[in-house]
Amino acid sequence: APDGAPPRLTQLTLDRCSGLDPDAQAMVHAAAVLGEPADEKVLAAVAGLPAARAQNALLAALARRLLTETPQAAYHCHPPLAARAVLDQLPGPVRRRLHGRAAEALARLPRPVPLDRVARHHRAAGSTKAWLRTAEAAADRAVQQRTPDPQSAAELLQEALATDGLPGATEVRLARKLAQVAGHLSGLDDTTHALLERLINSEQLPLGVRGELRRDLALLIVNQGASPQQGLAEMAHAVDELSGRPEPAVRAMVALAMPFLTGVAVAENERWLERAQTAADRSGDPALRLVVLAGRVSLTAEVGDRGVWALARELAAAHALGGVTRIEVLRGLCNAADGVAWLGHYDHADRFIRHALQLASRVGAEFNADLTKGTALRIDWGRGNWSDLENRATGLAARNPLSPARPEAHLVAGQLALARGDWSAAHQQLRAAGLSAPDNGAAPVITAAGGVLLRGLLDRGESAQARRTGEAAWRRLRTKGVWVWGAELVPSYVELLTRDGEQAGAERAIARFAEGIEDRDAPLAAAALQLCRALLDQSAGRTGQARTGFAQAAEQYAAIPQPYDAALALERAGRCALDAHQTPDQLVAAERQFDALGAAGDAARCGAALRRHGLAGPPAPRRGRPAYGTQLSPREREVALLASEGRTNAEIAAELVLSPRTVEQHIAKALRKLSLTSRTELPAALTARTR
């Protein structure tokens, strides 16, 4: 066989075995069947030997170098391919008996029992019922997140579903569990997709059961597939098939009411929520009304509806009912925290997160609690709590590809990189946040990432790319209709239009934004609207009004608090002062604020503007090292040269054995001393200095 042992190894192994007594041979056979290192007790159980005889047999097998010992006092065939040689020469009935003993021995191990291995041994032993039962138990454990390896459970279920002659009810039950396990994997694989579709299209399947399976598949496609829009279509189809099953039908409708996908107008989400409410009320089931309430809290929080606070209090009070009710409360509170954080209500978001984490610890819902991690990153970004924020964001983004917080982690990492002047890292992180496939991402994250990217492109003067990015982002926001999500995007889009001389277009965009957030409880969007109006005044030459408007926007941002955006608004006010030949106090204040936050790129831009007008920014802190004045220190020059070659801060830090934060500081000082606004200007400036 292609996967068998090489002939010479087979012969050598069999020759060594032939010199062993029956007990020692039994221990070698047990090790070969187990296939992985096992301790003496497990080997003895599989070999069918009492402890005293097993010990002598083990010593003999070790002496003949047929088995080897690991540092953990476990034993396996040596070399591993020798196990294949041993198995190939065992008669089928003997192999099956040994596999049966292996399943029993592994099932008696201390918890957690290796259910996937137990299931495979049952299958090899020919115990189909035990195999299916154990495979299903492995799936249950994976769904409950007590295993780090859901892939193994998914493969077991796929193999089980390929078994001929499965009863229909068993097939459906296993298929639904496969869908649940697949929800914990990094993507929807073709095998799972095909198995679920095969069952869904079976003519023998009752309509309601088909609807439940279709809903399971739809959730997988929405969350993990390449076409969430297809998933939504499947979910809507499932609702029709579930007309006689209120519980799954209501849950499907609430899923369709969630506004997180781009391309679906929020009005459509609202219609699905009302359908869910009608169905829940008609059922008379309080549990279903709670499902709808959790969905309503989620939707009203995301759109900035002022009714969210009363609804959230009603939902939070329901946790006292206990049981599965707590999962619904947890889901609603996590989504509420996400929604109100986008609005700028950070204190409320904190309270929702604390309550959600308390509930998660009681019900063991780690996945739901993970929803709050991205929200917490965004809150710290907004408040200016940037200490170690980059490490937390990049760590979360890299740690778990399935984490629902991952897009937000990439967004925050991108915002930090742009603030610190690392355009390459910012662009990479923003694409990872969802801009590489915007139709498949989380709509609020995609909208914010589009705004951050557009601001960066405008700062770099990349007008053509800025135009493409801005128009695409504006179309997505306009289609979705959740205008409170436009706080990061709309000011940059207005600036894009005014730079291109499209004053009327900018006025229309501002009017649409103002209409969209009217009567909404959204401090961030309100501050962004004030900033937009000031931009319009500035483009029309109304410098004094613009300066006042920018200062008012800065005050609104500071009250949230959103110190970084407040500093950006102050910078604009200060530049208006420079244009009017007035003292740019606000520009000086902006530079100080950027410097305090660690926004090295923005601080360098402000400092360069002040020096061009013969003004000094805030004094640099005194240190105990040699003073180089306006000259680059040796380390600053070394870092600047590497940055000029296109290296990222992380790459420079690794090469010079520095922290990324230290690299940022060196680049900021180099930019300040060279009167530059961006690291992309470093190559020409450094070349000029060497002439």
# chains A, B, ... in the order shown; residues from 1 in each chain; ligands from 1
$ residues_around --residues "Ala473 of chain A" --least-positions-apart "2" --cutoff "9 Å" --atoms "only C-alpha atoms" --output "count of residues only"
15
$ residues_around --residues "Ala175 of chain A" --least-positions-apart "5" --cutoff "9 Å" --atoms "only C-alpha atoms" --output "ChimeraX atom specification"
/A:157-158,161,170,180,192,195-196,199,213
$ write_last_selection --atoms "C-alpha atoms" --output "PDB file, in the first residue's frame"
ATOM      1  CA  LEU A 157     -19.175  14.091  11.770  1.00  0.00           C
ATOM      2  CA  GLN A 158     -18.397  14.322   8.057  1.00  0.00           C
ATOM      3  CA  LEU A 161     -22.700  11.420   7.632  1.00  0.00           C
ATOM      4  CA  THR A 170     -29.835  10.529  13.138  1.00  0.00           C
ATOM      5  CA  GLN A 180     -22.680  24.065  14.864  1.00  0.00           C
ATOM      6  CA  THR A 192     -19.619  20.537   5.071  1.00  0.00           C
ATOM      7  CA  LEU A 195     -23.306  17.575   2.989  1.00  0.00           C
ATOM      8  CA  LEU A 196     -25.747  20.189   4.269  1.00  0.00           C
ATOM      9  CA  LEU A 199     -29.704  16.923   2.996  1.00  0.00           C
ATOM     10  CA  LEU A 213     -30.983  22.901   8.307  1.00  0.00           C
TER      11      LEU A 213
END
$ residues_around --residues "Arg53 of chain A" --least-positions-apart "5" --cutoff "10 Å" --atoms "only C-alpha atoms" --output "list in words"
Asp23, Ala24, Ala44 and Leu58 of chain A
$ write_last_selection --atoms "N, CA and C atoms" --output "JSON list (two decimals), in the first residue's frame"
[["chain", "number", "residue", "atom", "x", "y", "z"],
["A", 23, "ASP", "N", 3.72, -12.09, 25.40],
["A", 23, "ASP", "CA", 3.34, -10.89, 26.15],
["A", 23, "ASP", "C", 3.97, -9.64, 25.54],
["A", 24, "ALA", "N", 5.26, -9.72, 25.25],
["A", 24, "ALA", "CA", 5.95, -8.56, 24.67],
["A", 24, "ALA", "C", 5.38, -8.23, 23.29],
["A", 44, "ALA", "N", -1.13, -1.83, 28.73],
["A", 44, "ALA", "CA", -1.49, -3.10, 29.34],
["A", 44, "ALA", "C", -2.96, -3.43, 29.11],
["A", 58, "LEU", "N", 6.89, -4.92, 28.57],
["A", 58, "LEU", "CA", 7.31, -3.59, 28.11],
["A", 58, "LEU", "C", 8.84, -3.49, 28.09]]
$ closest_atom_pairs --of "segment 558-633 of chain A" --to "segment 333-353 of chain A" --cutoff "12 Å" --atoms "only C-alpha atoms" --output "CSV"
residue,atom,partner,partner_atom,distance
A:Ala558,CA,A:Gly344,CA,11.1
A:Ala559,CA,A:Gly344,CA,10.0
A:Ile560,CA,A:Gly344,CA,6.3
A:Pro561,CA,A:Gly344,CA,8.1
A:Gln562,CA,A:Gly344,CA,8.2
A:Asp565,CA,A:Gly344,CA,11.9
$ write_last_selection --atoms "C-alpha atoms" --output "JSON list (two decimals), in the first residue's frame"
[["chain", "number", "residue", "atom", "x", "y", "z"],
["A", 558, "ALA", "CA", -13.37, 66.50, 23.79],
["A", 559, "ALA", "CA", -16.65, 66.19, 25.69],
["A", 560, "ILE", "CA", -17.18, 62.59, 24.49],
["A", 561, "PRO", "CA", -14.12, 62.21, 25.15],
["A", 562, "GLN", "CA", -12.42, 61.65, 21.78],
["A", 565, "ASP", "CA", -10.37, 63.76, 16.82]]
$ select_by_dssp --residues "segment 348-435 of chain A" --states "helix (DSSP H, G or I)" --output "PyMOL selection string"
chain A and resi 348-363+366-383+389-399+406-419+423-435
$ closest_residue --among "A:Ser127, A:Thr10, A:Gln229, A:Ser152" --to "Pro114 of chain A" --atoms "only C-alpha atoms"
A:Ser152
$ atom_distance --atom1 "atom CA of Phe513 of chain A" --atom2 "atom CA of Gly486 of chain A"
7.9 Å
$ closest_residue --among "A:Thr677, A:Pro438, A:Ala573, A:Ala45" --to "Arg97 of chain A" --atoms "only C-alpha atoms"
A:Ala45
$ residues_around --residues "Arg661 of chain A" --least-positions-apart "4" --cutoff "12 Å" --atoms "only C-alpha atoms" --output "list in words"
Trp386, Ser387, Asp388, Leu389, Glu390, Asn391, Leu416, Ala417, Arg420, Asp422, Leu597, Gly598, Ala599, Ala600, Asn649, Ala650, Ile652, Ala653, Ala654, Val657, Gln665, His666, Ile667 and Ala668 of chain A
$ atom_distance --atom1 "atom CA of Gly384 of chain A" --atom2 "atom CA of Ala596 of chain A"
9.4 Å
$ residues_around --residues "Leu43 of chain A" --least-positions-apart "4" --cutoff "7 Å" --atoms "only C-alpha atoms" --output "PyMOL selection string"
chain A and resi 27+30-31+38-39+47
$ residues_around --residues "segment 587-595 of chain A" --least-positions-apart "3" --cutoff "9 Å" --atoms "only C-alpha atoms" --output "PyMOL selection string"
chain A and resi 419+563-564+566-575+577-578+584+598-607+609-610+616-618
$ write_last_selection --atoms "C-alpha atoms" --output "PDB file, in the first residue's frame"
ATOM      1  CA  ALA A 419      -1.598  58.379  13.667  1.00  0.00           C
ATOM      2  CA  PRO A 563      -9.080  63.465  22.216  1.00  0.00           C
ATOM      3  CA  TYR A 564      -7.509  62.408  18.929  1.00  0.00           C
ATOM      4  CA  ALA A 566     -10.440  66.828  19.046  1.00  0.00           C
ATOM      5  CA  ALA A 567      -6.771  67.402  18.195  1.00  0.00           C
ATOM      6  CA  LEU A 568      -7.472  66.974  14.466  1.00  0.00           C
ATOM      7  CA  ALA A 569     -10.173  69.633  14.709  1.00  0.00           C
ATOM      8  CA  LEU A 570      -7.867  71.932  16.695  1.00  0.00           C
ATOM      9  CA  GLU A 571      -5.209  71.509  14.023  1.00  0.00           C
ATOM     10  CA  ARG A 572      -7.681  72.677  11.385  1.00  0.00           C
ATOM     11  CA  ALA A 573      -8.631  75.663  13.529  1.00  0.00           C
ATOM     12  CA  GLY A 574      -4.939  76.533  13.955  1.00  0.00           C
ATOM     13  CA  ARG A 575      -4.320  76.345  10.219  1.00  0.00           C
ATOM     14  CA  ALA A 577      -5.435  81.103  12.079  1.00  0.00           C
ATOM     15  CA  LEU A 578      -2.221  80.818  10.053  1.00  0.00           C
ATOM     16  CA  PRO A 584      -2.112  79.704  15.819  1.00  0.00           C
ATOM     17  CA  GLY A 598       1.741  59.206  20.858  1.00  0.00           C
ATOM     18  CA  ALA A 599       0.433  60.282  17.437  1.00  0.00           C
ATOM     19  CA  ALA A 600       3.966  60.932  16.136  1.00  0.00           C
ATOM     20  CA  GLY A 601       2.973  61.411  12.510  1.00  0.00           C
ATOM     21  CA  ASP A 602       0.318  63.987  13.311  1.00  0.00           C
ATOM     22  CA  ALA A 603       2.586  65.819  15.778  1.00  0.00           C
ATOM     23  CA  ALA A 604       5.314  66.007  13.129  1.00  0.00           C
ATOM     24  CA  ARG A 605       2.840  67.466  10.614  1.00  0.00           C
ATOM     25  CA  CYS A 606       1.782  70.203  13.051  1.00  0.00           C
ATOM     26  CA  GLY A 607       5.376  70.964  13.999  1.00  0.00           C
ATOM     27  CA  ALA A 609       3.530  73.721   9.699  1.00  0.00           C
ATOM     28  CA  LEU A 610       4.576  75.870  12.663  1.00  0.00           C
ATOM     29  CA  ALA A 616       8.203  76.945  17.513  1.00  0.00           C
ATOM     30  CA  GLY A 617       6.087  74.096  18.779  1.00  0.00           C
ATOM     31  CA  PRO A 618       6.120  72.790  22.353  1.00  0.00           C
TER      32      PRO A 618
END
$ residues_around --residues "Ala218 of chain A" --least-positions-apart "5" --cutoff "6 Å" --atoms "only C-alpha atoms" --output "PyMOL selection string"
chain A and resi 231+234-235
$ atom_distance --atom1 "atom CA of Ala318 of chain A" --atom2 "atom CA of Ala405 of chain A"
25.8 Å
$ decode --residues "segment 145-189 of chain A" --atoms "N, CA and C atoms" --output "mmCIF file, in the first residue's frame"
data_model
loop_
_atom_site.group_PDB
_atom_site.id
_atom_site.type_symbol
_atom_site.label_atom_id
_atom_site.label_comp_id
_atom_site.auth_asym_id
_atom_site.auth_seq_id
_atom_site.Cartn_x
_atom_site.Cartn_y
_atom_site.Cartn_z
ATOM 1 N N GLN A 145 -17.273 24.460 23.399
ATOM 2 C CA GLN A 145 -15.944 25.091 23.489
ATOM 3 C C GLN A 145 -15.116 24.525 24.637
ATOM 4 N N ARG A 146 -15.225 23.261 24.837
ATOM 5 C CA ARG A 146 -14.335 22.633 25.806
ATOM 6 C C ARG A 146 -13.184 21.914 25.104
ATOM 7 N N THR A 147 -13.060 22.085 23.785
ATOM 8 C CA THR A 147 -11.975 21.461 23.046
ATOM 9 C C THR A 147 -11.278 22.502 22.193
ATOM 10 N N PRO A 148 -9.940 22.442 22.088
ATOM 11 C CA PRO A 148 -9.225 23.383 21.223
ATOM 12 C C PRO A 148 -9.203 22.928 19.772
ATOM 13 N N ASP A 149 -9.813 21.745 19.456
ATOM 14 C CA ASP A 149 -9.686 21.196 18.124
ATOM 15 C C ASP A 149 -11.049 20.840 17.527
ATOM 16 N N PRO A 150 -11.854 21.836 17.166
ATOM 17 C CA PRO A 150 -13.152 21.532 16.559
ATOM 18 C C PRO A 150 -13.016 20.883 15.188
ATOM 19 N N GLN A 151 -11.864 21.079 14.524
ATOM 20 C CA GLN A 151 -11.672 20.487 13.205
ATOM 21 C C GLN A 151 -11.792 18.973 13.259
ATOM 22 N N SER A 152 -11.214 18.366 14.296
ATOM 23 C CA SER A 152 -11.292 16.912 14.440
ATOM 24 C C SER A 152 -12.735 16.455 14.601
ATOM 25 N N ALA A 153 -13.511 17.183 15.403
ATOM 26 C CA ALA A 153 -14.924 16.833 15.587
ATOM 27 C C ALA A 153 -15.686 16.976 14.269
ATOM 28 N N ALA A 154 -15.373 18.017 13.500
ATOM 29 C CA ALA A 154 -16.044 18.212 12.209
ATOM 30 C C ALA A 154 -15.738 17.059 11.259
ATOM 31 N N GLU A 155 -14.490 16.615 11.234
ATOM 32 C CA GLU A 155 -14.119 15.503 10.357
ATOM 33 C C GLU A 155 -14.835 14.219 10.760
ATOM 34 N N LEU A 156 -14.954 13.975 12.079
ATOM 35 C CA LEU A 156 -15.688 12.800 12.549
ATOM 36 C C LEU A 156 -17.137 12.826 12.069
ATOM 37 N N LEU A 157 -17.778 13.985 12.184
ATOM 38 C CA LEU A 157 -19.175 14.091 11.770
ATOM 39 C C LEU A 157 -19.317 13.940 10.260
ATOM 40 N N GLN A 158 -18.360 14.487 9.510
ATOM 41 C CA GLN A 158 -18.397 14.322 8.057
ATOM 42 C C GLN A 158 -18.307 12.852 7.677
ATOM 43 N N GLU A 159 -17.421 12.110 8.351
ATOM 44 C CA GLU A 159 -17.290 10.675 8.093
ATOM 45 C C GLU A 159 -18.571 9.944 8.500
ATOM 46 N N ALA A 160 -19.151 10.356 9.633
ATOM 47 C CA ALA A 160 -20.374 9.703 10.094
ATOM 48 C C ALA A 160 -21.512 9.908 9.098
ATOM 49 N N LEU A 161 -21.616 11.116 8.564
ATOM 50 C CA LEU A 161 -22.700 11.420 7.632
ATOM 51 C C LEU A 161 -22.504 10.736 6.282
ATOM 52 N N ALA A 162 -21.288 10.278 6.018
ATOM 53 C CA ALA A 162 -21.034 9.544 4.773
ATOM 54 C C ALA A 162 -21.359 8.061 4.912
ATOM 55 N N THR A 163 -21.772 7.632 6.106
ATOM 56 C CA THR A 163 -22.088 6.232 6.358
ATOM 57 C C THR A 163 -23.423 5.853 5.705
ATOM 58 N N ASP A 164 -23.428 4.736 5.020
ATOM 59 C CA ASP A 164 -24.663 4.267 4.384
ATOM 60 C C ASP A 164 -25.639 3.755 5.436
ATOM 61 N N GLY A 165 -26.911 3.995 5.175
ATOM 62 C CA GLY A 165 -27.944 3.405 6.013
ATOM 63 C C GLY A 165 -28.232 4.128 7.307
ATOM 64 N N LEU A 166 -27.759 5.374 7.456
ATOM 65 C CA LEU A 166 -28.067 6.116 8.677
ATOM 66 C C LEU A 166 -29.566 6.396 8.746
ATOM 67 N N PRO A 167 -30.195 6.212 9.896
ATOM 68 C CA PRO A 167 -31.608 6.618 10.027
ATOM 69 C C PRO A 167 -31.757 8.115 9.752
ATOM 70 N N GLY A 168 -32.881 8.487 9.176
ATOM 71 C CA GLY A 168 -33.082 9.889 8.799
ATOM 72 C C GLY A 168 -32.935 10.845 9.961
ATOM 73 N N ALA A 169 -33.515 10.489 11.117
ATOM 74 C CA ALA A 169 -33.446 11.385 12.276
ATOM 75 C C ALA A 169 -32.010 11.552 12.750
ATOM 76 N N THR A 170 -31.241 10.449 12.729
ATOM 77 C CA THR A 170 -29.835 10.529 13.138
ATOM 78 C C THR A 170 -29.056 11.399 12.165
ATOM 79 N N GLU A 171 -29.330 11.251 10.882
ATOM 80 C CA GLU A 171 -28.628 12.023 9.858
ATOM 81 C C GLU A 171 -28.866 13.516 10.048
ATOM 82 N N VAL A 172 -30.106 13.888 10.287
ATOM 83 C CA VAL A 172 -30.430 15.305 10.479
ATOM 84 C C VAL A 172 -29.772 15.836 11.752
ATOM 85 N N ARG A 173 -29.847 15.040 12.831
ATOM 86 C CA ARG A 173 -29.250 15.492 14.094
ATOM 87 C C ARG A 173 -27.744 15.712 13.941
ATOM 88 N N LEU A 174 -27.053 14.777 13.282
ATOM 89 C CA LEU A 174 -25.610 14.909 13.094
ATOM 90 C C LEU A 174 -25.289 16.084 12.165
ATOM 91 N N ALA A 175 -26.126 16.282 11.165
ATOM 92 C CA ALA A 175 -25.891 17.396 10.241
ATOM 93 C C ALA A 175 -26.008 18.737 10.953
ATOM 94 N N ARG A 176 -26.988 18.849 11.825
ATOM 95 C CA ARG A 176 -27.148 20.104 12.560
ATOM 96 C C ARG A 176 -25.958 20.336 13.490
ATOM 97 N N LYS A 177 -25.457 19.252 14.084
ATOM 98 C CA LYS A 177 -24.289 19.412 14.952
ATOM 99 C C LYS A 177 -23.046 19.740 14.136
ATOM 100 N N LEU A 178 -22.951 19.192 12.925
ATOM 101 C CA LEU A 178 -21.836 19.558 12.048
ATOM 102 C C LEU A 178 -21.875 21.054 11.744
ATOM 103 N N ALA A 179 -23.070 21.584 11.507
ATOM 104 C CA ALA A 179 -23.192 23.022 11.250
ATOM 105 C C ALA A 179 -22.742 23.833 12.461
ATOM 106 N N GLN A 180 -23.098 23.349 13.650
ATOM 107 C CA GLN A 180 -22.680 24.065 14.864
ATOM 108 C C GLN A 180 -21.167 24.015 15.043
ATOM 109 N N VAL A 181 -20.571 22.829 14.834
ATOM 110 C CA VAL A 181 -19.117 22.708 14.969
ATOM 111 C C VAL A 181 -18.415 23.563 13.922
ATOM 112 N N ALA A 182 -18.935 23.543 12.702
ATOM 113 C CA ALA A 182 -18.318 24.320 11.626
ATOM 114 C C ALA A 182 -18.316 25.805 11.946
ATOM 115 N N GLY A 183 -19.241 26.238 12.777
ATOM 116 C CA GLY A 183 -19.265 27.644 13.183
ATOM 117 C C GLY A 183 -18.057 28.056 13.988
ATOM 118 N N HIS A 184 -17.297 27.073 14.512
ATOM 119 C CA HIS A 184 -16.100 27.379 15.290
ATOM 120 C C HIS A 184 -14.823 27.229 14.472
ATOM 121 N N LEU A 185 -14.972 26.980 13.160
ATOM 122 C CA LEU A 185 -13.810 26.818 12.297
ATOM 123 C C LEU A 185 -13.536 28.110 11.542
ATOM 124 N N SER A 186 -12.390 28.151 10.860
ATOM 125 C CA SER A 186 -11.959 29.395 10.212
ATOM 126 C C SER A 186 -12.659 29.655 8.894
ATOM 127 N N GLY A 187 -13.404 28.694 8.393
ATOM 128 C CA GLY A 187 -14.116 28.903 7.144
ATOM 129 C C GLY A 187 -15.058 27.745 6.871
ATOM 130 N N LEU A 188 -15.997 27.973 5.970
ATOM 131 C CA LEU A 188 -16.964 26.942 5.593
ATOM 132 C C LEU A 188 -16.325 26.075 4.516
ATOM 133 N N ASP A 189 -15.956 24.825 4.863
ATOM 134 C CA ASP A 189 -15.275 23.983 3.885
ATOM 135 C C ASP A 189 -16.287 23.354 2.933
#
